[in-house]
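Report on the following structure.
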Amino acid sequence: MNIAITTTRNPDESLINKAYGISKELDIPYVKRGNYSIKKISEMNKIECFLFVEKDKIVLKGEDNAFFWHPNTSEIKMKAIKEGLNQPMVEAMDLKSGDRVLDCTLGLATDAIVFASIVGENGMVVGTEVNKYIACITKNGLKYYEDVDAQTKIFMDMIDVINSSYEDYILSMPDDSFDVVYFDPMFKIPNKKSVSINALRPFAHQEGLKKETLMEALRVCKNRVVIKERVGSGEFERLGIQKCYGNSKFGSIAYGVIEK
Ligand SMILES: C[S@@+](CC[C@H](N)C(=O)[O-])C[C@H]1O[C@@H](n2cnc3c(N)ncnc32)[C@H](O)[C@@H]1O
């Protein structure tokens with residue numbers, strides 16, 4: 001996909017500097033916005049998709065798609081956990097205060113924020129995201145998004161965003177570096193009801209999990225590897241996963257577990 005970076009119309013100097021810095025970081029062209037419409041600068045520069053640097057966020061806009069960072073359902077999930085709900089995820093992860101989590105498929109970091117809330121400030125949450133645009137938007141959102149309560153902001157600040165494939169990152173890590181390693185790959189049959197994933201989908205890496213990766217993930221964790229999947233997708237059978245939390249009674253999601 002042909003992507004460049006620009007700003008909102010008539011930007012001030014700090015916005016231009018921010019956009020220019022991100023263009024260098026992502027190695028994509030910076031296009032001066034001036035007072036042109038999106039359609040006009042796309043045509044003039046023959047660009048399919050623009051990364052717009054706005055005052056409070058970064059938006060990746062395609063022809064009929066806009067992807068930007070927001071806390072998504074993380075606050076609802078944290079509330080549900082406090083009320084003793086969302087049990088399949090909690091039971092599958094079995095996290096304790098102070099634990100170290102590797103979220104291999106960071107995306108919008110919705111799940112990572114929830115993990116941070118469980119492991120707390122003495123714990124650690126690292127997230128890998130292979131797509132450089134998603135990684136950049138999420139990193140920026142976690143750092144600058146303000147419309148959340150102070151406690152959620154603390155959990156957002158805990159997340160270390162790494163722009164890398166999980167395959168490469170896991171291979172680079174020593175044994176037992178984390179307590180739990182988590183995967184939430186893009187579902188083979190998409191859940192079109194998920195508005196946030198619909199916006200991310202055109203940019204997300206779609207390849208499925210490999211058994212060899214799960215073996216390496218087991219090596220770098222102390223306790224368990226957890227995989228989120230659609231109920232009945234056949235992925236747990238393909239990957240040889242026998243233990244699973246959640247079923248159609250809890251909704252359409254299940255969590256497969258491989259214990260070390
Ligand atoms: C379903 S989304 C994850 C959503 C995430 N759990 C959340 O709470 O926002 C899957 C994400 O994993 C990323 N991904 C897929 N394969 C990857 C890989 N090999 N390494 C790192 N990230 C990967 C995709 O680009 C996508 O952003």
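Identifiers in this document derive from the order of the structure tokens: chains are assigned A, B, ..., residues are numbered from 1 separately in each chain, and ligands are numbered from 1 in order of occurrence.
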Can you list, as a count of residues only, every protein, DNA or RNA residue that comes within 10 Å of range 218-223 of chain A when you count only C-alpha atoms, leaving out same-chain residues fewer than 2 positions away?
-> 28
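The shell of residues at most 9 Å from Gly256 in chain A, with only C-alpha atoms counted and near chain neighbours (fewer than 3 positions) removed, consists of Ala92, Val225, Val226, Ile227, Lys228, Glu229, Phe236, Ile241, Gln242, Lys243, Cys244, Tyr245 and Gly246 of chain A.
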Please dump the current selection as a PDB file, in the first residue's frame; keep N, CA and C atoms.
ATOM      1  N   ALA A  92      -7.914 -18.280  31.978  1.00  0.00           N
ATOM      2  CA  ALA A  92      -6.922 -18.756  31.009  1.00  0.00           C
ATOM      3  C   ALA A  92      -5.559 -18.112  31.276  1.00  0.00           C
ATOM      4  N   VAL A 225       1.245 -20.415  27.799  1.00  0.00           N
ATOM      5  CA  VAL A 225       0.970 -19.681  26.563  1.00  0.00           C
ATOM      6  C   VAL A 225      -0.549 -19.711  26.373  1.00  0.00           C
ATOM      7  N   VAL A 226      -1.124 -18.547  26.042  1.00  0.00           N
ATOM      8  CA  VAL A 226      -2.579 -18.463  25.879  1.00  0.00           C
ATOM      9  C   VAL A 226      -2.904 -17.970  24.473  1.00  0.00           C
ATOM     10  N   ILE A 227      -3.878 -18.612  23.838  1.00  0.00           N
ATOM     11  CA  ILE A 227      -4.265 -18.225  22.470  1.00  0.00           C
ATOM     12  C   ILE A 227      -5.762 -17.935  22.443  1.00  0.00           C
ATOM     13  N   LYS A 228      -6.099 -16.742  21.939  1.00  0.00           N
ATOM     14  CA  LYS A 228      -7.517 -16.364  21.821  1.00  0.00           C
ATOM     15  C   LYS A 228      -8.010 -16.777  20.438  1.00  0.00           C
ATOM     16  N   GLU A 229      -9.160 -17.392  20.363  1.00  0.00           N
ATOM     17  CA  GLU A 229      -9.699 -17.839  19.066  1.00  0.00           C
ATOM     18  C   GLU A 229     -11.224 -17.807  19.068  1.00  0.00           C
ATOM     19  N   PHE A 236      -7.584 -24.647  17.542  1.00  0.00           N
ATOM     20  CA  PHE A 236      -7.015 -25.358  18.697  1.00  0.00           C
ATOM     21  C   PHE A 236      -6.658 -26.794  18.309  1.00  0.00           C
ATOM     22  N   ILE A 241      -3.908 -27.956  20.781  1.00  0.00           N
ATOM     23  CA  ILE A 241      -4.200 -27.395  22.115  1.00  0.00           C
ATOM     24  C   ILE A 241      -5.396 -28.132  22.721  1.00  0.00           C
ATOM     25  N   GLN A 242      -5.200 -28.650  23.940  1.00  0.00           N
ATOM     26  CA  GLN A 242      -6.269 -29.463  24.528  1.00  0.00           C
ATOM     27  C   GLN A 242      -7.056 -28.742  25.615  1.00  0.00           C
ATOM     28  N   LYS A 243      -6.370 -27.806  26.294  1.00  0.00           N
ATOM     29  CA  LYS A 243      -7.044 -27.119  27.407  1.00  0.00           C
ATOM     30  C   LYS A 243      -7.637 -25.809  26.903  1.00  0.00           C
ATOM     31  N   CYS A 244      -8.871 -25.549  27.245  1.00  0.00           N
ATOM     32  CA  CYS A 244      -9.505 -24.335  26.696  1.00  0.00           C
ATOM     33  C   CYS A 244     -10.548 -23.785  27.661  1.00  0.00           C
ATOM     34  N   TYR A 245     -10.593 -22.457  27.770  1.00  0.00           N
ATOM     35  CA  TYR A 245     -11.570 -21.788  28.643  1.00  0.00           C
ATOM     36  C   TYR A 245     -12.546 -21.006  27.770  1.00  0.00           C
ATOM     37  N   GLY A 246     -13.814 -21.072  28.132  1.00  0.00           N
ATOM     38  CA  GLY A 246     -14.822 -20.329  27.358  1.00  0.00           C
ATOM     39  C   GLY A 246     -15.442 -21.235  26.329  1.00  0.00           C
TER      40      GLY A 246
END
Test item: residues at most 10 Å from Lys39 in chain A, only C-alpha atoms, excluding those fewer than 6 positions along its chain, as a ChimeraX atom specification | /A:47-48,63
Check the DSSP output for the backbone and give back, as a PyMOL selection string, the residues of range 17-215 of chain A in helix (DSSP H, G or I).
-> chain A and resi 17-26+38-45+74-82+87-93+110-119+132-144+150-158+166-171+195-203+211-215
Give the answer as one residue: which of A:Ser117, A:Ser233, A:Ser14, A:Gln206 has the shortest atom-to-atom distance to Lys79 in chain A, using only C-alpha atoms?
->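 Once distances to Lys79 in chain A are computed over only C-alpha atoms, the minimum belongs to A:Ser117.
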Please give the complete set of residues from range 112-260 of chain A that DSSP, run on the backbone, assigns to strand (DSSP E or B), formatted as number ranges by chain.
-> A: 124-128, 159-162, 178-183, 221-230, 243-245, 253-259
Sorted by chain and rising residue number, list the residues of chain A at most 8 Å from ligand 1 (counting only C-alpha atoms and all ligand atoms), each with its closest atom pair and distance in Å to one decimal, as a tab-separated table.
residue	atom	partner	partner_atom_place_in_ligand_line	distance
A:Asn72	CA	ligand 1	9 (O)	7.9
A:Ser74	CA	ligand 1	8 (O)	7.9
A:Asp103	CA	ligand 1	6 (N)	7.6
A:Cys104	CA	ligand 1	21 (C)	5.7
A:Thr105	CA	ligand 1	12 (O)	3.5
A:Leu106	CA	ligand 1	5 (C)	4.9
A:Gly107	CA	ligand 1	27 (O)	3.5
A:Leu108	CA	ligand 1	9 (O)	3.5
A:Ala109	CA	ligand 1	9 (O)	4.2
A:Thr110	CA	ligand 1	8 (O)	3.6
A:Asp111	CA	ligand 1	8 (O)	3.9
A:Ala112	CA	ligand 1	8 (O)	6.3
A:Thr128	CA	ligand 1	21 (C)	5.2
A:Glu129	CA	ligand 1	22 (N)	3.8
A:Val130	CA	ligand 1	21 (C)	3.9
A:Asn131	CA	ligand 1	25 (O)	5.2
A:Ile134	CA	ligand 1	27 (O)	6.4
A:Ala135	CA	ligand 1	27 (O)	8.0
A:Asn163	CA	ligand 1	21 (C)	7.7
A:Ser164	CA	ligand 1	21 (C)	5.9
A:Ser165	CA	ligand 1	20 (N)	3.3
A:Tyr166	CA	ligand 1	20 (N)	4.0
A:Glu167	CA	ligand 1	19 (N)	5.9
A:Phe183	CA	ligand 1	6 (N)	7.5
A:Asp184	CA	ligand 1	6 (N)	5.1
A:Pro185	CA	ligand 1	10 (C)	4.6
A:Met186	CA	ligand 1	1 (C)	4.3
A:Phe187	CA	ligand 1	1 (C)	6.9
A:Ile197	CA	ligand 1	1 (C)	6.6
A:Leu200	CA	ligand 1	27 (O)	6.7
A:Arg201	CA	ligand 1	26 (C)	7.4
A:Phe203	CA	ligand 1	25 (O)	6.7
A:Ala204	CA	ligand 1	25 (O)	3.4
A:His205	CA	ligand 1	25 (O)	3.9
A:Gln206	CA	ligand 1	15 (C)	5.6
A:Glu207	CA	ligand 1	16 (N)	6.0
A:Gly208	CA	ligand 1	16 (N)	7.3
A:Leu209	CA	ligand 1	19 (N)	7.8
Generate the output file for the selected residues, N, CA and C atoms, as a short mmCIF file (atom, residue, chain, number, x, y, z; two decimals), in the first residue's frame.
data_model
loop_
_atom_site.label_atom_id
_atom_site.label_comp_id
_atom_site.auth_asym_id
_atom_site.auth_seq_id
_atom_site.Cartn_x
_atom_site.Cartn_y
_atom_site.Cartn_z
N ASN A 72 -10.98 1.55 23.28
CA ASN A 72 -11.81 0.43 22.85
C ASN A 72 -12.59 -0.12 24.04
N SER A 74 -11.36 -1.71 26.66
CA SER A 74 -10.51 -2.06 27.81
C SER A 74 -11.17 -1.67 29.14
N ASP A 103 2.42 -9.74 25.20
CA ASP A 103 1.27 -9.78 24.30
C ASP A 103 1.83 -9.73 22.88
N CYS A 104 1.81 -10.88 22.20
CA CYS A 104 2.49 -10.99 20.89
C CYS A 104 1.75 -10.25 19.78
N THR A 105 0.46 -10.03 19.95
CA THR A 105 -0.35 -9.43 18.88
C THR A 105 -1.02 -8.18 19.44
N LEU A 106 -0.25 -7.13 19.59
CA LEU A 106 -0.69 -5.97 20.39
C LEU A 106 -1.91 -5.25 19.83
N GLY A 107 -1.96 -5.04 18.50
CA GLY A 107 -3.09 -4.32 17.90
C GLY A 107 -3.31 -3.00 18.59
N LEU A 108 -4.53 -2.77 19.10
CA LEU A 108 -4.87 -1.53 19.80
C LEU A 108 -4.50 -1.56 21.29
N ALA A 109 -3.93 -2.68 21.73
CA ALA A 109 -3.53 -2.85 23.13
C ALA A 109 -4.71 -2.91 24.10
N THR A 110 -5.88 -3.21 23.60
CA THR A 110 -7.06 -3.32 24.48
C THR A 110 -6.83 -4.41 25.53
N ASP A 111 -6.39 -5.58 25.07
CA ASP A 111 -6.14 -6.67 26.01
C ASP A 111 -4.94 -6.34 26.90
N ALA A 112 -3.91 -5.72 26.30
CA ALA A 112 -2.69 -5.42 27.07
C ALA A 112 -3.01 -4.49 28.26
N THR A 128 4.22 -6.88 21.16
CA THR A 128 4.82 -6.79 19.82
C THR A 128 3.71 -6.60 18.80
N GLU A 129 3.97 -5.72 17.83
CA GLU A 129 3.04 -5.48 16.71
C GLU A 129 3.89 -5.35 15.46
N VAL A 130 3.62 -6.23 14.49
CA VAL A 130 4.48 -6.29 13.31
C VAL A 130 4.21 -5.15 12.32
N ASN A 131 2.98 -4.65 12.28
CA ASN A 131 2.68 -3.58 11.32
C ASN A 131 3.16 -2.24 11.88
N ILE A 134 0.35 0.41 12.66
CA ILE A 134 -0.46 0.08 13.86
C ILE A 134 0.40 0.30 15.11
N ALA A 135 1.66 -0.16 15.07
CA ALA A 135 2.53 0.01 16.24
C ALA A 135 2.70 1.48 16.58
N ASN A 163 7.81 -2.62 17.82
CA ASN A 163 7.42 -2.86 16.43
C ASN A 163 8.31 -3.98 15.85
N SER A 164 7.78 -5.20 15.97
CA SER A 164 8.54 -6.38 15.50
C SER A 164 7.54 -7.51 15.31
N SER A 165 7.92 -8.50 14.51
CA SER A 165 7.08 -9.71 14.46
C SER A 165 7.33 -10.47 15.75
N TYR A 166 6.30 -11.16 16.22
CA TYR A 166 6.52 -11.93 17.45
C TYR A 166 7.53 -13.05 17.22
N GLU A 167 7.57 -13.55 15.97
CA GLU A 167 8.54 -14.62 15.68
C GLU A 167 9.96 -14.13 15.99
N PHE A 183 -1.38 -14.72 22.59
CA PHE A 183 -1.59 -14.49 21.16
C PHE A 183 -3.07 -14.24 20.89
N ASP A 184 -3.34 -13.21 20.11
CA ASP A 184 -4.72 -12.95 19.64
C ASP A 184 -4.63 -12.69 18.14
N PRO A 185 -4.41 -13.75 17.35
CA PRO A 185 -4.22 -13.53 15.90
C PRO A 185 -5.51 -13.08 15.22
N MET A 186 -5.39 -12.54 14.02
CA MET A 186 -6.59 -12.17 13.26
C MET A 186 -7.36 -13.47 12.97
N PHE A 187 -8.66 -13.45 13.24
CA PHE A 187 -9.44 -14.67 13.01
C PHE A 187 -9.53 -14.96 11.51
N ILE A 197 -11.77 -3.73 15.29
CA ILE A 197 -10.93 -4.62 14.47
C ILE A 197 -11.23 -4.39 12.99
N LEU A 200 -8.93 -1.74 11.87
CA LEU A 200 -7.51 -2.16 11.86
C LEU A 200 -7.24 -3.19 10.76
N ARG A 201 -8.30 -3.96 10.39
CA ARG A 201 -8.14 -5.14 9.52
C ARG A 201 -7.34 -4.90 8.23
N PHE A 203 -4.89 -3.19 7.56
CA PHE A 203 -3.46 -2.98 7.77
C PHE A 203 -2.82 -4.14 8.55
N ALA A 204 -3.66 -4.97 9.16
CA ALA A 204 -3.15 -6.01 10.07
C ALA A 204 -2.51 -7.17 9.32
N HIS A 205 -1.54 -7.78 9.97
CA HIS A 205 -0.87 -8.97 9.43
C HIS A 205 -1.80 -10.16 9.69
N GLN A 206 -2.06 -10.95 8.64
CA GLN A 206 -3.15 -11.94 8.75
C GLN A 206 -2.67 -13.37 8.95
N GLU A 207 -1.36 -13.61 8.83
CA GLU A 207 -0.89 -15.00 8.84
C GLU A 207 -1.20 -15.72 10.17
N GLY A 208 -1.54 -17.01 10.07
CA GLY A 208 -1.91 -17.77 11.28
C GLY A 208 -0.69 -18.18 12.10
N LEU A 209 -0.99 -18.66 13.30
CA LEU A 209 0.07 -19.11 14.22
C LEU A 209 0.67 -20.43 13.76
#
Choose the residue, out of A:Gly251, A:Lys143, A:Lys32, A:Glu25, that has the smallest atom-to-atom separation from Met44 in chain A; count only C-alpha atoms.
-> A:Lys32
Using only C-alpha atoms, which residues sit within 10 Å of Ala66 in chain A once same-chain residues fewer than 2 positions away are excluded, as a PDB file with C-alpha atoms, in the first residue's frame?
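Result file follows (out.pdb):
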ATOM      1  CA  CYS A  49      -3.577   6.166   2.056  1.00  0.00           C
ATOM      2  CA  PHE A  50      -2.493   8.997   4.366  1.00  0.00           C
ATOM      3  CA  LEU A  51      -1.323   8.998   7.953  1.00  0.00           C
ATOM      4  CA  VAL A  59      -5.308   8.740  11.931  1.00  0.00           C
ATOM      5  CA  LEU A  60      -4.592   6.294   9.116  1.00  0.00           C
ATOM      6  CA  LYS A  61      -7.161   7.039   6.392  1.00  0.00           C
ATOM      7  CA  GLY A  62      -7.797   4.922   3.331  1.00  0.00           C
ATOM      8  CA  GLU A  63     -10.542   5.376   0.764  1.00  0.00           C
ATOM      9  CA  ASP A  64     -13.349   4.203   3.052  1.00  0.00           C
ATOM     10  CA  PHE A  68      -6.972   5.704  15.060  1.00  0.00           C
ATOM     11  CA  ASN A 198     -12.785  -3.712  11.247  1.00  0.00           C
ATOM     12  CA  ALA A 199     -10.842  -0.421  11.158  1.00  0.00           C
ATOM     13  CA  LEU A 200      -7.512  -2.159  11.857  1.00  0.00           C
TER      14      LEU A 200
END
